[in-house]
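File shown: final-v6.pdb. Contents: PDB, C-alpha atoms and all ligand atoms.
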```
ATOM      1  CA  MET A 110      84.632  45.126 247.798
ATOM      2  CA  LEU A 111      83.207  41.623 247.567
ATOM      3  CA  PRO A 112      81.570  41.377 250.981
ATOM      4  CA  HIS A 113      80.801  37.698 251.225
ATOM      5  CA  LEU A 114      84.297  36.234 251.786
ATOM      6  CA  PRO A 115      85.780  36.910 255.239
ATOM      7  CA  ARG A 116      89.047  38.853 255.431
ATOM      8  CA  PHE A 117      91.715  39.243 258.070
ATOM      9  CA  ALA A 118      93.111  42.756 257.661
ATOM     10  CA  LEU A 119      96.801  42.725 256.737
ATOM     11  CA  ALA A 120      97.251  45.037 253.771
ATOM     12  CA  HIS A 121      97.507  48.786 253.337
ATOM     13  CA  LEU A 122      94.719  49.350 250.833
ATOM     14  CA  PRO A 123      94.103  50.812 248.387
ATOM     15  CA  THR A 124      97.640  50.559 247.067
ATOM     16  CA  PRO A 125      98.635  53.645 245.069
ATOM     17  CA  LEU A 126      97.961  53.951 241.364
ATOM     18  CA  GLU A 127     100.682  56.158 239.899
ATOM     19  CA  PRO A 128     101.626  57.465 236.462
ATOM     20  CA  LEU A 129     105.191  56.824 235.267
ATOM     21  CA  PRO A 130     105.831  60.027 233.306
ATOM     22  CA  ARG A 131     109.558  59.691 232.648
ATOM     23  CA  LEU A 132     109.383  56.062 231.563
ATOM     24  CA  SER A 133     106.290  56.858 229.476
ATOM     25  CA  HIS A 134     108.195  59.623 227.714
ATOM     26  CA  LEU A 135     111.177  57.362 227.051
ATOM     27  CA  LEU A 136     109.014  54.576 225.650
ATOM     28  CA  GLY A 137     106.331  56.562 223.837
ATOM     29  CA  VAL A 138     103.378  55.031 225.710
ATOM     30  CA  GLN A 139     101.245  56.084 228.711
ATOM     31  CA  LEU A 140     102.410  53.880 231.563
ATOM     32  CA  TRP A 141     100.762  53.550 234.968
ATOM     33  CA  VAL A 142     101.771  51.365 237.875
ATOM     34  CA  LYS A 143      99.582  49.733 240.528
ATOM     35  CA  ARG A 144     101.803  49.571 243.594
ATOM     36  CA  ASP A 145     101.132  46.165 245.126
ATOM     37  CA  ASP A 146     104.788  46.181 246.127
ATOM     38  CA  GLN A 147     103.392  48.563 248.771
ATOM     39  CA  THR A 148     100.777  46.287 250.360
ATOM     40  CA  GLY A 149     102.583  47.008 253.613
ATOM     41  CA  LEU A 150     103.135  43.641 255.289
ATOM     42  CA  ALA A 151     106.857  42.958 255.948
ATOM     43  CA  LEU A 152     107.939  44.627 252.673
ATOM     44  CA  GLY A 153     104.724  43.885 250.826
ATOM     45  CA  GLY A 154     103.827  42.126 247.591
ATOM     46  CA  ASN A 155     100.858  40.444 245.950
ATOM     47  CA  LYS A 156     100.554  37.582 248.438
ATOM     48  CA  THR A 157      99.455  39.938 251.207
ATOM     49  CA  ARG A 158      96.108  40.432 249.469
ATOM     50  CA  LYS A 159      95.626  36.688 249.086
ATOM     51  CA  LEU A 160      96.647  36.090 252.694
ATOM     52  CA  GLU A 161      93.890  38.375 253.979
ATOM     53  CA  TYR A 162      91.420  35.793 252.688
ATOM     54  CA  LEU A 163      93.518  32.712 253.433
ATOM     55  CA  VAL A 164      94.231  33.667 257.051
ATOM     56  CA  ALA A 165      90.532  34.453 257.618
ATOM     57  CA  GLU A 166      89.718  30.953 256.366
ATOM     58  CA  ALA A 167      92.446  29.432 258.575
ATOM     59  CA  LEU A 168      91.083  31.218 261.653
ATOM     60  CA  ALA A 169      87.517  30.176 260.813
ATOM     61  CA  GLN A 170      88.758  26.569 260.745
ATOM     62  CA  ASP A 171      90.452  27.071 264.133
ATOM     63  CA  ALA A 172      93.890  26.382 262.675
ATOM     64  CA  ASP A 173      96.911  26.935 264.895
ATOM     65  CA  SER A 174      99.521  27.148 262.144
ATOM     66  CA  LEU A 175     100.065  28.086 258.503
ATOM     67  CA  VAL A 176     102.104  25.648 256.433
ATOM     68  CA  THR A 177     103.194  26.599 252.945
ATOM     69  CA  VAL A 178     105.765  25.919 250.272
ATOM     70  CA  GLY A 179     107.952  27.852 247.853
ATOM     71  CA  ALA A 180     111.307  28.611 246.289
ATOM     72  CA  VAL A 181     114.338  29.649 248.336
ATOM     73  CA  GLN A 182     113.641  33.362 247.765
ATOM     74  CA  SER A 183     109.869  32.943 247.975
ATOM     75  CA  ASN A 184     107.998  36.213 248.520
ATOM     76  CA  HIS A 185     104.883  34.188 249.219
ATOM     77  CA  CYS A 186     106.594  32.312 252.066
ATOM     78  CA  ARG A 187     107.963  35.538 253.592
ATOM     79  CA  GLN A 188     104.543  37.194 253.529
ATOM     80  CA  THR A 189     102.929  34.030 254.938
ATOM     81  CA  ALA A 190     105.405  34.104 257.831
ATOM     82  CA  ALA A 191     104.507  37.752 258.502
ATOM     83  CA  ALA A 192     100.767  37.040 258.253
ATOM     84  CA  ALA A 193     101.139  34.171 260.732
ATOM     85  CA  ALA A 194     102.937  36.499 263.148
ATOM     86  CA  ARG A 195     100.123  39.039 262.821
ATOM     87  CA  ALA A 196      97.474  36.389 263.420
ATOM     88  CA  GLY A 197      99.310  34.717 266.323
ATOM     89  CA  LEU A 198      99.783  31.463 264.407
ATOM     90  CA  ARG A 199     102.848  29.242 263.986
ATOM     91  CA  CYS A 200     104.352  29.131 260.511
ATOM     92  CA  VAL A 201     106.166  26.266 258.796
ATOM     93  CA  LEU A 202     107.757  26.901 255.393
ATOM     94  CA  VAL A 203     108.877  24.110 253.064
ATOM     95  CA  LEU A 204     111.551  25.592 250.789
ATOM     96  CA  ARG A 205     113.045  24.042 247.684
ATOM     97  CA  GLY A 206     116.594  22.662 247.771
ATOM     98  CA  GLN A 207     119.257  23.395 250.366
ATOM     99  CA  PRO A 208     119.813  26.410 252.630
ATOM    100  CA  PRO A 209     121.660  29.091 250.599
ATOM    101  CA  ALA A 210     125.254  29.982 251.412
ATOM    102  CA  GLU A 211     124.143  33.457 252.490
ATOM    103  CA  THR A 212     121.061  34.184 254.608
ATOM    104  CA  THR A 213     119.747  37.239 252.809
ATOM    105  CA  GLY A 214     116.663  38.660 251.087
ATOM    106  CA  ASN A 215     113.466  36.747 251.845
ATOM    107  CA  VAL A 216     115.260  33.942 253.710
ATOM    108  CA  LEU A 217     116.631  36.448 256.204
ATOM    109  CA  LEU A 218     113.126  37.822 256.709
ATOM    110  CA  ASP A 219     111.689  34.292 257.139
ATOM    111  CA  HIS A 220     114.095  33.878 260.062
ATOM    112  CA  LEU A 221     113.258  37.252 261.592
ATOM    113  CA  LEU A 222     109.554  36.463 261.298
ATOM    114  CA  ASN A 223     110.138  33.258 263.259
ATOM    115  CA  ALA A 224     109.070  30.775 260.596
ATOM    116  CA  GLU A 225     110.251  27.164 260.948
ATOM    117  CA  LEU A 226     112.121  26.317 257.757
ATOM    118  CA  ARG A 227     112.151  22.804 256.291
ATOM    119  CA  TRP A 228     114.461  22.322 253.307
ATOM    120  CA  ALA A 229     113.213  19.873 250.684
ATOM    121  CA  GLY A 230     116.739  18.944 249.568
ATOM    122  CA  ASP A 231     116.650  16.648 246.523
ATOM    123  CA  ARG A 232     113.024  15.705 247.032
ATOM    124  CA  PRO A 233     110.035  17.259 245.225
ATOM    125  CA  ARG A 234     108.963  20.106 247.480
ATOM    126  CA  ASP A 235     105.245  19.272 247.230
ATOM    127  CA  GLU A 236     105.946  15.770 248.518
ATOM    128  CA  VAL A 237     107.756  17.245 251.542
ATOM    129  CA  PHE A 238     104.963  19.807 251.979
ATOM    130  CA  HIS A 239     102.282  17.070 252.198
ATOM    131  CA  GLU A 240     104.489  15.090 254.565
ATOM    132  CA  VAL A 241     104.959  18.095 256.864
ATOM    133  CA  VAL A 242     101.213  18.775 256.935
ATOM    134  CA  ALA A 243     100.537  15.117 257.794
ATOM    135  CA  ALA A 244     103.225  15.157 260.518
ATOM    136  CA  GLU A 245     101.734  18.321 262.029
ATOM    137  CA  ARG A 246      98.315  16.654 262.176
ATOM    138  CA  ALA A 247      99.780  13.473 263.628
ATOM    139  CA  ALA A 248     101.361  15.608 266.377
ATOM    140  CA  GLY A 249      97.886  16.874 267.308
ATOM    141  CA  ARG A 250      98.275  20.307 265.724
ATOM    142  CA  ARG A 251      95.823  22.053 263.419
ATOM    143  CA  PRO A 252      97.722  23.200 260.317
ATOM    144  CA  TYR A 253      96.111  25.237 257.548
ATOM    145  CA  PRO A 254      97.964  24.159 254.378
ATOM    146  CA  ILE A 255      98.469  26.861 251.759
ATOM    147  CA  PRO A 256      99.488  25.503 248.339
ATOM    148  CA  LEU A 257     102.182  27.131 246.192
ATOM    149  CA  GLY A 258     101.633  30.876 245.810
ATOM    150  CA  GLY A 259      98.413  30.831 247.843
ATOM    151  CA  SER A 260      96.716  30.099 244.552
ATOM    152  CA  THR A 261      93.420  28.599 245.641
ATOM    153  CA  SER A 262      90.048  30.135 244.811
ATOM    154  CA  THR A 263      90.146  31.743 248.279
ATOM    155  CA  GLY A 264      93.459  33.454 247.510
ATOM    156  CA  ALA A 265      92.533  34.362 243.943
ATOM    157  CA  ALA A 266      89.325  36.056 245.141
ATOM    158  CA  ALA A 267      91.545  38.772 246.625
ATOM    159  CA  TYR A 268      92.660  39.780 243.147
ATOM    160  CA  ALA A 269      89.098  39.958 241.893
ATOM    161  CA  ASP A 270      88.522  42.409 244.707
ATOM    162  CA  ALA A 271      91.714  44.269 243.772
ATOM    163  CA  VAL A 272      90.316  45.005 240.307
ATOM    164  CA  LEU A 273      87.292  46.689 241.863
ATOM    165  CA  GLU A 274      89.745  48.809 243.868
ATOM    166  CA  LEU A 275      91.648  49.639 240.672
ATOM    167  CA  LYS A 276      88.466  50.513 238.769
ATOM    168  CA  ASP A 277      87.591  53.225 241.308
ATOM    169  CA  GLN A 278      91.112  54.657 241.038
ATOM    170  CA  LEU A 279      91.082  54.631 237.229
ATOM    171  CA  ASP A 280      87.733  56.385 237.178
ATOM    172  CA  ALA A 281      88.968  58.997 239.654
ATOM    173  CA  GLN A 282      92.126  59.645 237.606
ATOM    174  CA  GLY A 283      90.380  59.464 234.249
ATOM    175  CA  ALA A 284      92.712  56.715 233.017
ATOM    176  CA  ALA A 285      91.609  53.841 230.783
ATOM    177  CA  PRO A 286      94.372  51.295 230.130
ATOM    178  CA  SER A 287      93.989  48.988 227.169
ATOM    179  CA  ARG A 288      96.190  46.371 228.864
ATOM    180  CA  ILE A 289      97.147  45.246 232.347
ATOM    181  CA  VAL A 290     100.585  43.574 232.361
ATOM    182  CA  PHE A 291     102.062  41.653 235.304
ATOM    183  CA  ALA A 292     104.130  38.619 236.339
ATOM    184  CA  SER A 293     102.183  35.347 236.344
ATOM    185  CA  SER A 294     103.354  32.119 237.942
ATOM    186  CA  SER A 295     101.062  29.995 240.120
ATOM    187  CA  ALA A 296      97.954  31.434 238.369
ATOM    188  CA  GLY A 297      96.169  32.919 241.379
ATOM    189  CA  THR A 298      96.849  36.564 240.635
ATOM    190  CA  GLN A 299      95.881  36.229 237.004
ATOM    191  CA  ALA A 300      92.746  34.181 237.755
ATOM    192  CA  GLY A 301      91.593  36.842 240.213
ATOM    193  CA  LEU A 302      92.342  39.669 237.797
ATOM    194  CA  VAL A 303      90.429  37.930 234.997
ATOM    195  CA  VAL A 304      87.357  37.418 237.179
ATOM    196  CA  GLY A 305      87.647  40.897 238.671
ATOM    197  CA  ALA A 306      87.900  42.545 235.257
ATOM    198  CA  GLN A 307      84.659  40.859 234.296
ATOM    199  CA  LEU A 308      82.918  41.843 237.541
ATOM    200  CA  ALA A 309      84.165  45.438 237.279
ATOM    201  CA  GLY A 310      83.277  45.745 233.601
ATOM    202  CA  LEU A 311      86.892  46.559 232.782
ATOM    203  CA  THR A 312      87.663  45.866 229.147
ATOM    204  CA  ALA A 313      91.492  46.025 229.431
ATOM    205  CA  GLU A 314      93.394  42.935 228.257
ATOM    206  CA  VAL A 315      94.707  41.007 231.257
ATOM    207  CA  LEU A 316      98.127  39.886 230.020
ATOM    208  CA  GLY A 317     100.223  37.664 232.261
ATOM    209  CA  ILE A 318     103.935  37.478 231.496
ATOM    210  CA  SER A 319     104.859  33.945 232.487
ATOM    211  CA  VAL A 320     107.776  33.659 234.854
ATOM    212  CA  ASP A 321     108.252  29.896 234.754
ATOM    213  CA  LEU A 322     105.578  27.901 232.913
ATOM    214  CA  PRO A 323     105.033  27.475 229.163
ATOM    215  CA  ALA A 324     101.925  29.279 227.925
ATOM    216  CA  ALA A 325      99.592  26.275 227.514
ATOM    217  CA  PRO A 326      99.721  24.867 231.065
ATOM    218  CA  LEU A 327      99.595  28.350 232.611
ATOM    219  CA  ARG A 328      96.562  29.332 230.521
ATOM    220  CA  ALA A 329      94.825  26.063 231.458
ATOM    221  CA  ARG A 330      95.539  26.559 235.167
ATOM    222  CA  VAL A 331      94.373  30.193 235.126
ATOM    223  CA  ALA A 332      91.148  29.220 233.341
ATOM    224  CA  GLU A 333      90.436  26.428 235.824
ATOM    225  CA  LEU A 334      91.114  28.645 238.839
ATOM    226  CA  ALA A 335      89.169  31.593 237.386
ATOM    227  CA  THR A 336      86.167  29.306 236.870
ATOM    228  CA  GLU A 337      86.388  28.101 240.469
ATOM    229  CA  THR A 338      86.868  31.657 241.790
ATOM    230  CA  ALA A 339      83.928  33.068 239.834
ATOM    231  CA  GLY A 340      81.758  30.346 241.381
ATOM    232  CA  ARG A 341      82.983  31.230 244.882
ATOM    233  CA  LEU A 342      82.084  34.865 244.245
ATOM    234  CA  GLY A 343      78.551  34.082 243.136
ATOM    235  CA  ALA A 344      79.222  34.970 239.502
ATOM    236  CA  PRO A 345      79.484  31.516 237.922
ATOM    237  CA  ARG A 346      81.097  31.371 234.503
ATOM    238  CA  THR A 347      83.318  28.867 232.757
ATOM    239  CA  TYR A 348      86.588  30.316 231.517
ATOM    240  CA  LEU A 349      88.359  28.563 228.669
ATOM    241  CA  ALA A 350      92.135  28.397 228.305
ATOM    242  CA  ASP A 351      91.830  30.110 224.901
ATOM    243  CA  GLU A 352      90.411  33.266 226.523
ATOM    244  CA  ILE A 353      93.378  33.648 228.887
ATOM    245  CA  LEU A 354      96.220  35.872 227.687
ATOM    246  CA  VAL A 355      99.684  34.607 228.582
ATOM    247  CA  ASN A 356     103.003  35.511 227.019
ATOM    248  CA  ALA A 357     105.744  32.956 227.744
ATOM    249  CA  ASP A 358     108.419  34.483 225.495
ATOM    250  CA  TYR A 359     110.480  35.810 228.378
ATOM    251  CA  LEU A 360     111.391  32.675 230.339
ATOM    252  CA  GLY A 361     115.079  33.300 229.593
ATOM    253  CA  GLY A 362     117.392  30.952 231.458
ATOM    254  CA  GLY A 363     114.501  29.593 233.574
ATOM    255  CA  TYR A 364     112.911  30.354 236.914
ATOM    256  CA  ALA A 365     114.922  32.739 239.105
ATOM    257  CA  VAL A 366     117.766  33.009 236.575
ATOM    258  CA  MET A 367     118.349  36.721 236.078
ATOM    259  CA  GLY A 368     119.568  37.500 232.567
ATOM    260  CA  ALA A 369     120.387  40.662 230.647
ATOM    261  CA  PRO A 370     116.705  41.586 229.975
ATOM    262  CA  GLU A 371     115.733  41.448 233.658
ATOM    263  CA  ARG A 372     118.852  43.390 234.645
ATOM    264  CA  GLU A 373     118.143  46.081 232.057
ATOM    265  CA  ALA A 374     114.520  46.387 233.209
ATOM    266  CA  ILE A 375     115.575  46.665 236.866
ATOM    267  CA  GLN A 376     118.039  49.416 235.993
ATOM    268  CA  LEU A 377     115.700  51.318 233.676
ATOM    269  CA  PHE A 378     112.783  51.342 236.134
ATOM    270  CA  ALA A 379     115.097  52.334 238.997
ATOM    271  CA  ARG A 380     116.971  55.064 237.130
ATOM    272  CA  SER A 381     114.006  56.631 235.351
ATOM    273  CA  GLU A 382     111.335  56.390 238.042
ATOM    274  CA  GLY A 383     112.999  55.396 241.343
ATOM    275  CA  LEU A 384     110.884  52.239 241.138
ATOM    276  CA  LEU A 385     112.343  48.897 242.207
ATOM    277  CA  VAL A 386     111.420  45.687 240.400
ATOM    278  CA  ASP A 387     112.883  42.299 241.284
ATOM    279  CA  PRO A 388     115.123  39.782 239.490
ATOM    280  CA  VAL A 389     112.628  36.878 239.468
ATOM    281  CA  TYR A 390     109.075  38.156 238.877
ATOM    282  CA  THR A 391     108.497  41.855 238.295
ATOM    283  CA  GLY A 392     111.856  42.361 236.543
ATOM    284  CA  ARG A 393     110.934  39.607 234.089
ATOM    285  CA  ALA A 394     107.447  41.041 233.534
ATOM    286  CA  ALA A 395     108.948  44.514 233.087
ATOM    287  CA  ALA A 396     111.475  43.148 230.582
ATOM    288  CA  GLY A 397     108.597  41.584 228.633
ATOM    289  CA  LEU A 398     106.663  44.840 228.737
ATOM    290  CA  LEU A 399     109.678  46.789 227.443
ATOM    291  CA  ASP A 400     110.156  44.327 224.600
ATOM    292  CA  LEU A 401     106.467  44.370 223.598
ATOM    293  CA  ILE A 402     106.582  48.176 223.472
ATOM    294  CA  ARG A 403     109.862  48.339 221.559
ATOM    295  CA  ARG A 404     108.654  45.771 219.011
ATOM    296  CA  GLY A 405     105.416  47.709 218.491
ATOM    297  CA  ALA A 406     103.230  44.832 219.772
ATOM    298  CA  ILE A 407     102.046  47.473 222.236
ATOM    299  CA  GLN A 408     101.271  50.479 220.056
ATOM    300  CA  PRO A 409     102.842  53.917 220.521
ATOM    301  CA  GLY A 410     100.575  56.096 222.646
ATOM    302  CA  GLU A 411      98.724  53.137 224.203
ATOM    303  CA  THR A 412      97.790  53.364 227.875
ATOM    304  CA  VAL A 413      99.206  50.398 229.780
ATOM    305  CA  LEU A 414      99.000  49.484 233.448
ATOM    306  CA  PHE A 415     101.917  47.594 234.968
ATOM    307  CA  TRP A 416     100.648  45.764 238.050
ATOM    308  CA  HIS A 417     103.670  45.683 240.366
ATOM    309  CA  THR A 418     103.356  42.498 242.400
ATOM    310  CA  GLY A 419     106.352  43.070 244.696
ATOM    311  CA  GLY A 420     109.384  40.828 245.160
ATOM    312  CA  THR A 421     111.922  43.544 245.888
ATOM    313  CA  PRO A 422     113.534  41.787 248.918
ATOM    314  CA  ALA A 423     114.991  39.265 246.435
ATOM    315  CA  LEU A 424     117.140  42.068 244.958
ATOM    316  CA  PHE A 425     119.551  41.602 247.860
ATOM    317  CA  ALA A 426     120.104  37.938 246.999
ATOM    318  CA  TYR A 427     121.297  39.040 243.516
ATOM    319  CA  ALA A 428     123.579  41.864 244.663
ATOM    320  CA  GLU A 429     126.771  40.549 243.044
ATOM    321  CA  GLN A 430     125.117  39.893 239.687
ATOM    322  CA  LEU A 431     123.371  43.267 239.701
ATOM    323  CA  ILE A 432     126.489  45.233 240.439
ATOM    324  CA  LYS A 433     128.726  43.392 237.980
ATOM    325  CA  GLY A 434     126.191  43.629 235.159
TER     326      GLY A 434
HETATM  327  C1  LIG B   1     106.713  39.284 243.262
HETATM  328  C2  LIG B   1     105.771  38.294 242.670
HETATM  329  N1  LIG B   1     105.131  38.619 241.541
HETATM  330  C3  LIG B   1     104.282  37.762 240.936
HETATM  331  C4  LIG B   1     104.057  36.509 241.456
HETATM  332  C5  LIG B   1     103.130  35.613 240.724
HETATM  333  O1  LIG B   1     101.885  35.542 241.338
HETATM  334  P1  LIG B   1     101.009  34.232 241.128
HETATM  335  O2  LIG B   1     101.799  33.109 241.759
HETATM  336  O3  LIG B   1      99.738  34.522 241.796
HETATM  337  O4  LIG B   1     100.888  34.019 239.663
HETATM  338  C6  LIG B   1     104.708  36.115 242.634
HETATM  339  C7  LIG B   1     104.501  34.758 243.165
HETATM  340  O5  LIG B   1     105.202  34.259 243.967
HETATM  341  C8  LIG B   1     105.588  37.040 243.255
HETATM  342  O6  LIG B   1     106.240  36.719 244.385
END
```
Can the structure from this file be put into structure tokens for me?
Amino acid sequence: MLPHLPRFALAHLPTPLEPLPRLSHLLGVQLWVKRDDQTGLALGGNKTRKLEYLVAEALAQDADSLVTVGAVQSNHCRQTAAAAARAGLRCVLVLRGQPPAETTGNVLLDHLLNAELRWAGDRPRDEVFHEVVAAERAAGRRPYPIPLGGSTSTGAAAYADAVLELKDQLDAQGAAPSRIVFASSSAGTQAGLVVGAQLAGLTAEVLGISVDLPAAPLRARVAELATETAGRLGAPRTYLADEILVNADYLGGGYAVMGAPEREAIQLFARSEGLLVDPVYTGRAAAGLLDLIRRGAIQPGETVLFWHTGGTPALFAYAEQLIKG
């Protein structure tokens, strides 16, 4: 644990580290999964770790509400709404576009968790986000704004801590992965993992499978955030974009468009291991992992850790497409 950043307890930690024997046998590699889909807050996911640090900072600043922003089926927004409920804070979510025809998946949970939803419509969601924060302040409230994905150095620090948690588990199980593979989007998870790997002395490659951005801007953003996070954690170091490993070959039809690779990965993980991955993030990362193994870019027999970052509530928003496929 990194003791010097305050935390507000939300997550069930440590999350399990489990072998995937049947999938490993099918694919000819040694696969492990780190179950951050089981962080325990309102169906879990990676944002719960970040929110432990973000909510602590909000409370230290005497905020009375959390305001954040995301896609329609944002896991980050759903977990923020749950964290606000746990901390006794109001929650305002700025979501992209229009309300969906069906209130399901994360949007349903946002409602149950009592978040106030503001739909950005045709406008850029960040513009609406800044406007909502300003309006909250003008109304005399004390909002704590959380940018997309909770990806500030405060949020990313949680994933540096998570690597220390993983290191203990790997040592206890005698496992030594050569790569850690996961879904990367707003850079916070990857930045934290990169810094944490360095602090824990873990030599595994930290390979983010991009979900929406081309490789160059994602690498640059991860490097910038990792540099900032390392400074916050008292281990200053400048990370360069060239050192950050991102694979953006699996963007398919674009963000949140589930294609054949994601569908196949969802089915294979479910049917071989009873493990659920989602259509937007972890299904895409799993599809990338499968392809890298099948193409031999990940060598037969290699030990690989798949860091499951959650997202499973979004499965319900893709029910028709999943069943027809
Ligand atoms: C399920 C899931 N996996 C991965 C990510 C990506 O994490 P990050 O935005 O920190 O890169 C997200 C972000 O929303 C997510 O919801």
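By chain and then residue number, the residues within 9 Å of A:Pro409 are Leu136, Gly137, Val138, Gln139 and Ile402 of chain A, counting only C-alpha atoms and disregarding those fewer than 6 positions away in sequence.
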Residues of chain A within 7 Å of ligand LIG 1 (chain B): nearest atom pair and distance (Å, one decimal) for each, counting all atoms listed in the file, sorted by chain and number, as a tab-separated table?
```
residue	atom	partner	partner_atom	distance
A:Gly154	CA	B:LIG1	C1	5.9
A:Asn155	CA	B:LIG1	C2	6.3
A:Ser183	CA	B:LIG1	O5	6.3
A:Asn184	CA	B:LIG1	O6	4.5
A:His185	CA	B:LIG1	O5	5.3
A:Gly258	CA	B:LIG1	O2	4.6
A:Ser260	CA	B:LIG1	O3	6.0
A:Ala292	CA	B:LIG1	C3	4.7
A:Ser293	CA	B:LIG1	O4	3.8
A:Ser294	CA	B:LIG1	O4	3.6
A:Ser295	CA	B:LIG1	O2	3.6
A:Ala296	CA	B:LIG1	O4	4.1
A:Gly297	CA	B:LIG1	O3	3.9
A:Thr298	CA	B:LIG1	O3	3.7
A:Gln299	CA	B:LIG1	O4	6.1
A:Tyr390	CA	B:LIG1	N1	4.8
A:Thr391	CA	B:LIG1	N1	5.7
A:Thr418	CA	B:LIG1	N1	4.4
A:Gly419	CA	B:LIG1	C1	4.1
A:Gly420	CA	B:LIG1	C1	3.6
```
Item checked: A:Val303, A:Ala396, A:Ala224, A:Ala248 ranked by distance to A:Arg372, top pick (using only C-alpha atoms) -> A:Ala396
Notebook entry, point to check: What is the distance between atom CA of A:Pro209 and atom CA of A:Trp228, in Å to one decimal?
Noted result: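 Result for atom CA of A:Pro209 versus atom CA of A:Trp228: 10.2 Å, one decimal.
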Note to self: Which residues would end up in the selection if the PyMOL selection byres (((chain A and resi 322) around 12) and not hetatm) were applied here, given that I need the answer as a ChimeraX atom specification?
What the structure shows: /A:292-296,317-321,323-331,355-361,363-364
Item checked: Reference answer for the PyMOL selection byres (((chain A and resi 119) around 8) and not hetatm), as a PyMOL selection string -> chain A and resi 117-118+120-121+149-150+157-158+160-161+192+195
Next item on the list: Quote the spacing between atom CA of A:Leu377 and atom CA of A:Leu129 in Å to one decimal place.
Entry: 12.0 Å
Check: Applied to this file, what does the PyMOL selection byres (((chain A and resi 187) around 8) and not hetatm) return in terms of residues, put as number ranges by chain?
Finding: A: 151, 183-186, 188-191, 215-216, 218-219, 222
